[in-house]
file upload36.cif (mmCIF, C-alpha atoms)
data_data
#
loop_
_atom_site.label_atom_id
_atom_site.label_comp_id
_atom_site.auth_asym_id
_atom_site.auth_seq_id
_atom_site.Cartn_x
_atom_site.Cartn_y
_atom_site.Cartn_z
CA MET O 1 13.61 150.91 105.02
CA GLU O 2 13.04 147.46 106.46
CA HIS O 3 15.07 145.92 103.65
CA GLU O 4 17.96 148.18 104.44
CA VAL O 5 18.01 147.04 108.10
CA VAL O 6 18.02 143.37 107.10
CA ALA O 7 20.87 143.95 104.71
CA GLU O 8 22.89 145.70 107.36
CA ASN O 9 22.33 142.88 109.82
CA ARG O 10 23.44 140.34 107.19
CA ASN O 11 26.58 142.29 106.48
CA GLU O 12 27.38 142.47 110.16
CA MET O 13 27.03 138.67 110.41
CA LEU O 14 29.37 138.14 107.46
CA GLU O 15 31.94 140.64 108.72
CA SER O 16 31.98 139.40 112.32
CA PRO O 17 31.92 135.57 112.77
CA SER O 18 29.82 134.09 115.50
CA SER O 19 31.25 133.05 118.83
CA LEU O 20 30.62 129.41 117.93
CA VAL O 21 32.86 129.60 114.89
CA ILE O 22 35.53 131.42 116.86
CA ASP O 23 35.42 128.74 119.54
CA LEU O 24 35.79 125.92 116.99
CA ILE O 25 38.76 127.60 115.38
CA ALA O 26 40.40 128.11 118.76
CA ARG O 27 39.97 124.47 119.69
CA GLU O 28 41.43 123.34 116.36
CA ASN O 29 44.42 125.55 116.83
CA GLU O 30 44.87 124.23 120.34
CA SER O 31 44.80 120.62 119.17
CA VAL O 32 47.57 121.11 116.63
CA LYS O 33 49.89 122.84 119.05
CA THR O 34 52.88 120.71 120.03
CA ASP O 35 54.39 121.00 123.41
CA VAL O 36 58.09 120.83 122.70
CA THR O 37 58.81 119.75 126.23
CA THR O 38 56.90 116.52 125.74
CA LEU O 39 58.89 115.39 122.68
CA LYS O 40 60.89 112.23 123.37
CA PRO O 41 64.03 111.29 121.50
CA ARG O 42 63.47 108.59 118.94
CA THR O 43 64.61 105.19 120.16
CA PRO O 44 67.47 104.08 117.88
CA LEU O 45 66.98 100.81 116.04
CA PRO O 46 69.18 97.93 117.20
CA PRO O 47 72.24 97.35 115.00
CA LYS O 48 71.68 94.89 112.20
CA GLU O 49 73.35 91.60 112.91
CA PRO O 50 75.97 90.68 110.30
CA THR O 51 75.18 87.80 108.00
CA PRO O 52 76.99 84.74 109.38
CA THR O 53 79.84 83.44 107.26
CA PRO O 54 78.87 80.12 105.68
CA PRO O 55 80.92 77.16 106.92
CA PRO O 56 83.78 76.06 104.68
CA PRO O 57 83.04 73.12 102.39
CA PRO O 58 84.07 69.71 103.72
CA PRO O 59 87.53 68.57 102.64
CA THR O 60 87.74 66.40 99.56
CA PRO O 61 88.23 62.77 100.65
CA LEU O 62 91.28 60.86 99.50
CA PRO O 63 90.61 58.62 96.50
CA SER O 64 89.91 54.96 97.14
CA PHE O 65 93.05 53.76 95.33
CA ILE O 66 94.98 55.41 98.19
CA THR O 67 92.73 54.67 101.17
CA GLN O 68 92.60 50.95 100.29
CA PHE O 69 96.08 50.66 101.80
CA VAL O 70 95.18 52.27 105.14
CA GLY O 71 96.08 49.81 107.89
CA THR O 72 98.85 48.05 106.00
CA LEU O 73 102.31 48.05 107.53
CA TRP O 74 104.08 50.03 104.83
CA PHE O 75 101.32 52.64 104.47
CA GLU O 76 101.12 53.35 108.20
CA LYS O 77 104.91 53.58 108.27
CA PHE O 78 105.14 56.32 105.62
CA PHE O 79 101.68 57.92 105.84
CA PRO O 80 100.52 57.86 109.48
CA GLY O 81 97.12 59.47 109.97
CA PRO O 82 96.53 60.32 106.29
CA ASN O 83 94.08 63.10 105.49
CA SER O 84 93.22 65.34 102.57
CA GLU O 85 95.23 68.25 103.98
CA SER O 86 98.52 66.49 104.61
CA PHE O 87 98.67 63.86 101.87
CA PRO O 88 100.94 64.83 98.94
CA LYS O 89 99.22 66.01 95.76
CA PRO O 90 98.27 65.50 92.98
CA TRP O 91 96.03 62.55 93.80
CA THR O 92 96.49 60.49 90.69
CA ALA O 93 97.49 56.86 90.36
CA ASP O 94 100.63 57.80 88.43
CA SER O 95 101.77 60.34 91.02
CA PHE O 96 101.07 57.88 93.82
CA VAL O 97 103.10 55.13 92.15
CA GLN O 98 106.01 57.48 91.51
CA LEU O 99 105.87 58.41 95.19
CA LEU O 100 105.98 54.72 96.12
CA LEU O 101 108.96 54.15 93.84
CA SER O 102 110.84 56.91 95.66
CA LEU O 103 109.94 55.31 99.02
CA ILE O 104 111.38 52.00 97.89
CA GLN O 105 114.72 53.69 97.32
CA LYS O 106 114.66 55.36 100.75
CA THR O 107 113.75 52.42 102.95
CA THR O 108 116.22 49.71 103.93
CA ASP O 109 113.50 47.36 105.19
CA HIS O 110 113.16 44.54 102.66
CA GLU O 111 109.72 43.59 103.94
CA LEU O 112 108.47 47.11 103.30
CA LYS O 113 110.04 47.07 99.84
CA THR O 114 108.20 43.85 99.05
CA GLN O 115 104.87 45.20 100.25
CA ILE O 116 105.27 48.42 98.26
CA CYS O 117 106.07 46.42 95.13
CA ALA O 118 102.90 44.41 95.64
CA ALA O 119 100.95 47.67 96.05
CA ILE O 120 102.37 49.01 92.78
CA MET O 121 101.33 45.83 90.96
CA LEU O 122 97.82 46.12 92.40
CA LEU O 123 97.55 49.75 91.32
CA HIS O 124 98.69 48.83 87.83
CA ARG O 125 95.93 46.25 87.57
CA GLN O 126 93.27 48.51 89.05
CA GLU O 127 94.03 51.93 87.60
CA GLY O 128 96.44 51.46 84.75
CA LEU O 129 99.55 53.62 84.58
CA SER O 130 100.95 56.03 82.05
CA ARG O 131 103.74 54.77 79.84
CA GLU O 132 106.31 56.88 81.67
CA THR O 133 105.33 55.60 85.11
CA ALA O 134 105.07 52.01 83.86
CA GLU O 135 108.59 52.24 82.45
CA LYS O 136 109.94 53.44 85.80
CA ALA O 137 108.19 50.59 87.57
CA LYS O 138 109.51 48.04 85.06
CA GLN O 139 113.02 49.35 85.43
CA PHE O 140 112.88 48.88 89.18
CA LEU O 141 111.33 45.44 88.75
CA ARG O 142 114.05 44.26 86.40
CA VAL O 143 116.77 45.47 88.75
CA ALA O 144 115.11 43.80 91.76
CA LEU O 145 114.66 40.47 90.00
CA GLN O 146 118.15 40.62 88.54
CA LEU O 147 119.53 41.29 92.03
CA SER O 148 117.78 38.21 93.42
CA HIS O 149 119.16 36.19 90.53
CA THR O 150 122.69 37.52 91.03
CA MET O 151 122.56 36.68 94.73
CA ARG O 152 121.17 33.23 93.85
CA VAL O 153 118.08 33.65 95.97
CA TYR O 154 116.29 30.72 94.34
CA GLU O 155 113.59 30.18 96.90
CA VAL O 156 109.99 29.25 96.21
CA SER O 157 108.97 32.86 96.85
CA PHE O 158 111.36 34.01 94.11
CA ILE O 159 109.87 31.60 91.56
CA ALA O 160 106.37 32.61 92.64
CA GLU O 161 107.31 36.25 92.14
CA LEU O 162 108.59 35.50 88.65
CA MET O 163 105.30 33.80 87.81
CA ALA O 164 103.31 36.74 89.17
CA GLN O 165 105.37 39.22 87.16
CA PHE O 166 104.92 37.12 84.04
CA ILE O 167 101.13 37.19 84.47
CA ASP O 168 100.95 40.93 85.13
CA GLY O 169 103.74 42.05 82.82
CA ASP O 170 103.78 43.10 79.20
CA GLU O 171 105.74 41.32 76.48
CA GLU O 172 109.01 42.91 77.59
CA ILE O 173 108.63 41.75 81.18
CA ARG O 174 107.49 38.29 80.12
CA LYS O 175 110.56 37.84 77.96
CA PHE O 176 112.77 39.02 80.81
CA VAL O 177 111.14 36.51 83.22
CA GLN O 178 111.62 33.65 80.77
CA GLU O 179 115.28 34.56 80.39
CA LEU O 180 115.72 34.51 84.16
CA LEU O 181 114.01 31.12 84.44
CA SER O 182 116.24 29.74 81.74
CA SER O 183 119.36 31.12 83.42
CA ILE O 184 118.53 29.35 86.70
CA GLY O 185 118.06 26.02 84.95
CA VAL O 186 114.33 26.10 84.21
CA PRO O 187 114.20 26.27 80.40
CA ASP O 188 110.83 26.33 78.68
CA THR O 189 111.68 25.14 75.20
CA ALA O 190 108.17 23.84 74.56
CA ARG O 191 106.67 27.08 75.95
CA TYR O 192 104.41 25.18 78.34
CA PHE O 193 105.13 27.73 81.06
CA ALA O 194 103.81 30.59 78.96
CA LYS O 195 100.79 28.62 77.74
CA GLU O 196 99.76 27.54 81.22
CA LEU O 197 100.02 30.97 82.77
CA THR O 198 98.39 32.92 79.94
CA CYS O 199 95.51 30.49 79.36
CA SER O 200 94.54 29.36 82.84
CA ILE O 201 94.83 32.66 84.73
CA PRO O 202 92.93 35.74 83.50
CA ARG O 203 94.78 39.04 83.29
CA PHE O 204 93.45 42.19 84.94
CA SER O 205 95.42 44.87 83.07
#
call {"tool": "encode", "arguments": {"input": "upload36.cif", "output": "structure tokens"}}
result
Amino acid sequence: MEHEVVAENRNEMLESPSSLVIDLIARENESVKTDVTTLKPRTPLPPKEPTPTPPPPPPTPLPSFITQFVGTLWFEKFFPGPNSESFPKPWTADSFVQLLLSLIQKTTDHELKTQICAAIMLLHRQEGLSRETAEKAKQFLRVALQLSHTMRVYEVSFIAELMAQFIDGDEEIRKFVQELLSSIGVPDTARYFAKELTCSIPRFS
């Protein structure tokens, strides 16, 4: 009989939880409740700043065979304030010389023509020119020297120019210079003129 009472009490304990357990469950439920009125809207993230555009690369500088003439009278006359954006392209020695040859035809200033001719000779020594460009330069040179000869401009500067062209020129120009010297009464039958200029002065071509 006693065993039956104990069993009944145990069953009652299993079927009806204690007040302590009920209290714990109630507190747990209370803690997980969410008061909707206390919810705050989520603060939006600040907009992502765009990646800055990298600066453009610096302009390509003009080649030295062009900038070496900056400050000269003829260069400042035709190319004031030269820069990589405004200077005519392509930047090659041949293109530059052909541009100078066209400027010679446009200008009426003889001093500018002389300076441009000197610049072309310097470029030929420094950079070398293609056969086509060299032929154009030689054609102009022959006409200019022949004009001085026709007008009988036999000054010291003319003779000095003939000597300079003989030193810098090829065989064709040298023969042309010797013919001009002979025509103005300076024959070189013993070829001393050619020997002196070709042996004593080095060539830079």
call {"tool": "closest_residue", "arguments": {"input": "upload36.cif", "among": "O:Gln146, O:Thr133, O:Gln165, O:Asn83", "to": "O:Phe96", "atoms": "only C-alpha atoms"}}
result
O:Thr133
call {"tool": "closest_residue", "arguments": {"input": "upload36.cif", "among": "O:Ser183, O:Thr198, O:Gln68, O:Thr51", "to": "O:Phe166", "atoms": "all atoms listed in the file"}}
result
O:Thr198
call {"tool": "closest_residue", "arguments": {"input": "upload36.cif", "among": "O:Ile184, O:Ala164, O:Leu112, O:Ala93", "to": "O:Phe75", "atoms": "all atoms listed in the file"}}
result
O:Leu112
call {"tool": "atom_distance", "arguments": {"input": "upload36.cif", "atom1": "atom CA of O:Ile159", "atom2": "atom CA of O:Thr108"}}
result
22.8 Å
call {"tool": "resolve_selection", "arguments": {"input": "upload36.cif", "expression": "the PyMOL selection byres ((chain O and resi 117) around 9)", "output": "ChimeraX atom specification"}}
result
/O:100-101,104,112-116,118-122,137,141
call {"tool": "build_atoms", "arguments": {"input": "upload36.cif", "residues": "stretch 64-85 of chain O", "atoms": "N, CA and C atoms", "output": "PDB file, in the frame of the given file"}}
result
ATOM      1  N   SER O  64      89.925  56.321  96.606  1.00  0.00           N
ATOM      2  CA  SER O  64      89.910  54.960  97.140  1.00  0.00           C
ATOM      3  C   SER O  64      91.180  54.185  96.800  1.00  0.00           C
ATOM      4  N   PHE O  65      91.835  54.518  95.668  1.00  0.00           N
ATOM      5  CA  PHE O  65      93.050  53.760  95.330  1.00  0.00           C
ATOM      6  C   PHE O  65      94.185  54.060  96.307  1.00  0.00           C
ATOM      7  N   ILE O  66      94.016  55.120  97.123  1.00  0.00           N
ATOM      8  CA  ILE O  66      94.980  55.410  98.190  1.00  0.00           C
ATOM      9  C   ILE O  66      94.500  54.836  99.517  1.00  0.00           C
ATOM     10  N   THR O  67      93.240  55.089  99.852  1.00  0.00           N
ATOM     11  CA  THR O  67      92.730  54.670 101.170  1.00  0.00           C
ATOM     12  C   THR O  67      92.626  53.151 101.297  1.00  0.00           C
ATOM     13  N   GLN O  68      92.666  52.414 100.182  1.00  0.00           N
ATOM     14  CA  GLN O  68      92.600  50.950 100.290  1.00  0.00           C
ATOM     15  C   GLN O  68      93.800  50.368 101.025  1.00  0.00           C
ATOM     16  N   PHE O  69      94.869  51.154 101.141  1.00  0.00           N
ATOM     17  CA  PHE O  69      96.080  50.660 101.800  1.00  0.00           C
ATOM     18  C   PHE O  69      96.167  51.091 103.269  1.00  0.00           C
ATOM     19  N   VAL O  70      95.173  51.859 103.736  1.00  0.00           N
ATOM     20  CA  VAL O  70      95.180  52.270 105.140  1.00  0.00           C
ATOM     21  C   VAL O  70      95.123  51.021 106.031  1.00  0.00           C
ATOM     22  N   GLY O  71      96.018  50.960 106.995  1.00  0.00           N
ATOM     23  CA  GLY O  71      96.080  49.810 107.890  1.00  0.00           C
ATOM     24  C   GLY O  71      97.191  48.845 107.563  1.00  0.00           C
ATOM     25  N   THR O  72      97.729  48.923 106.351  1.00  0.00           N
ATOM     26  CA  THR O  72      98.850  48.050 106.000  1.00  0.00           C
ATOM     27  C   THR O  72     100.129  48.580 106.638  1.00  0.00           C
ATOM     28  N   LEU O  73     101.078  47.687 106.812  1.00  0.00           N
ATOM     29  CA  LEU O  73     102.310  48.050 107.530  1.00  0.00           C
ATOM     30  C   LEU O  73     103.066  49.168 106.830  1.00  0.00           C
ATOM     31  N   TRP O  74     103.275  49.039 105.542  1.00  0.00           N
ATOM     32  CA  TRP O  74     104.080  50.030 104.830  1.00  0.00           C
ATOM     33  C   TRP O  74     103.375  51.388 104.760  1.00  0.00           C
ATOM     34  N   PHE O  75     102.054  51.369 104.591  1.00  0.00           N
ATOM     35  CA  PHE O  75     101.320  52.640 104.470  1.00  0.00           C
ATOM     36  C   PHE O  75     101.329  53.402 105.792  1.00  0.00           C
ATOM     37  N   GLU O  76     101.099  52.689 106.888  1.00  0.00           N
ATOM     38  CA  GLU O  76     101.120  53.350 108.200  1.00  0.00           C
ATOM     39  C   GLU O  76     102.519  53.841 108.557  1.00  0.00           C
ATOM     40  N   LYS O  77     103.532  53.177 108.010  1.00  0.00           N
ATOM     41  CA  LYS O  77     104.910  53.580 108.270  1.00  0.00           C
ATOM     42  C   LYS O  77     105.218  54.936 107.622  1.00  0.00           C
ATOM     43  N   PHE O  78     104.792  55.112 106.374  1.00  0.00           N
ATOM     44  CA  PHE O  78     105.140  56.320 105.620  1.00  0.00           C
ATOM     45  C   PHE O  78     104.043  57.382 105.614  1.00  0.00           C
ATOM     46  N   PHE O  79     102.793  56.969 105.874  1.00  0.00           N
ATOM     47  CA  PHE O  79     101.680  57.920 105.840  1.00  0.00           C
ATOM     48  C   PHE O  79     100.800  57.758 107.080  1.00  0.00           C
ATOM     49  N   PRO O  80     101.338  58.014 108.270  1.00  0.00           N
ATOM     50  CA  PRO O  80     100.520  57.860 109.480  1.00  0.00           C
ATOM     51  C   PRO O  80      99.434  58.943 109.545  1.00  0.00           C
ATOM     52  N   GLY O  81      98.227  58.521 109.863  1.00  0.00           N
ATOM     53  CA  GLY O  81      97.120  59.470 109.970  1.00  0.00           C
ATOM     54  C   GLY O  81      96.868  60.252 108.697  1.00  0.00           C
ATOM     55  N   PRO O  82      96.681  59.591 107.552  1.00  0.00           N
ATOM     56  CA  PRO O  82      96.530  60.320 106.290  1.00  0.00           C
ATOM     57  C   PRO O  82      95.224  61.120 106.261  1.00  0.00           C
ATOM     58  N   ASN O  83      95.295  62.297 105.699  1.00  0.00           N
ATOM     59  CA  ASN O  83      94.080  63.100 105.490  1.00  0.00           C
ATOM     60  C   ASN O  83      94.284  63.961 104.252  1.00  0.00           C
ATOM     61  N   SER O  84      93.189  64.585 103.825  1.00  0.00           N
ATOM     62  CA  SER O  84      93.220  65.340 102.570  1.00  0.00           C
ATOM     63  C   SER O  84      94.096  66.583 102.640  1.00  0.00           C
ATOM     64  N   GLU O  85      94.417  67.044 103.850  1.00  0.00           N
ATOM     65  CA  GLU O  85      95.230  68.250 103.980  1.00  0.00           C
ATOM     66  C   GLU O  85      96.722  67.948 103.959  1.00  0.00           C
TER      67      GLU O  85
END
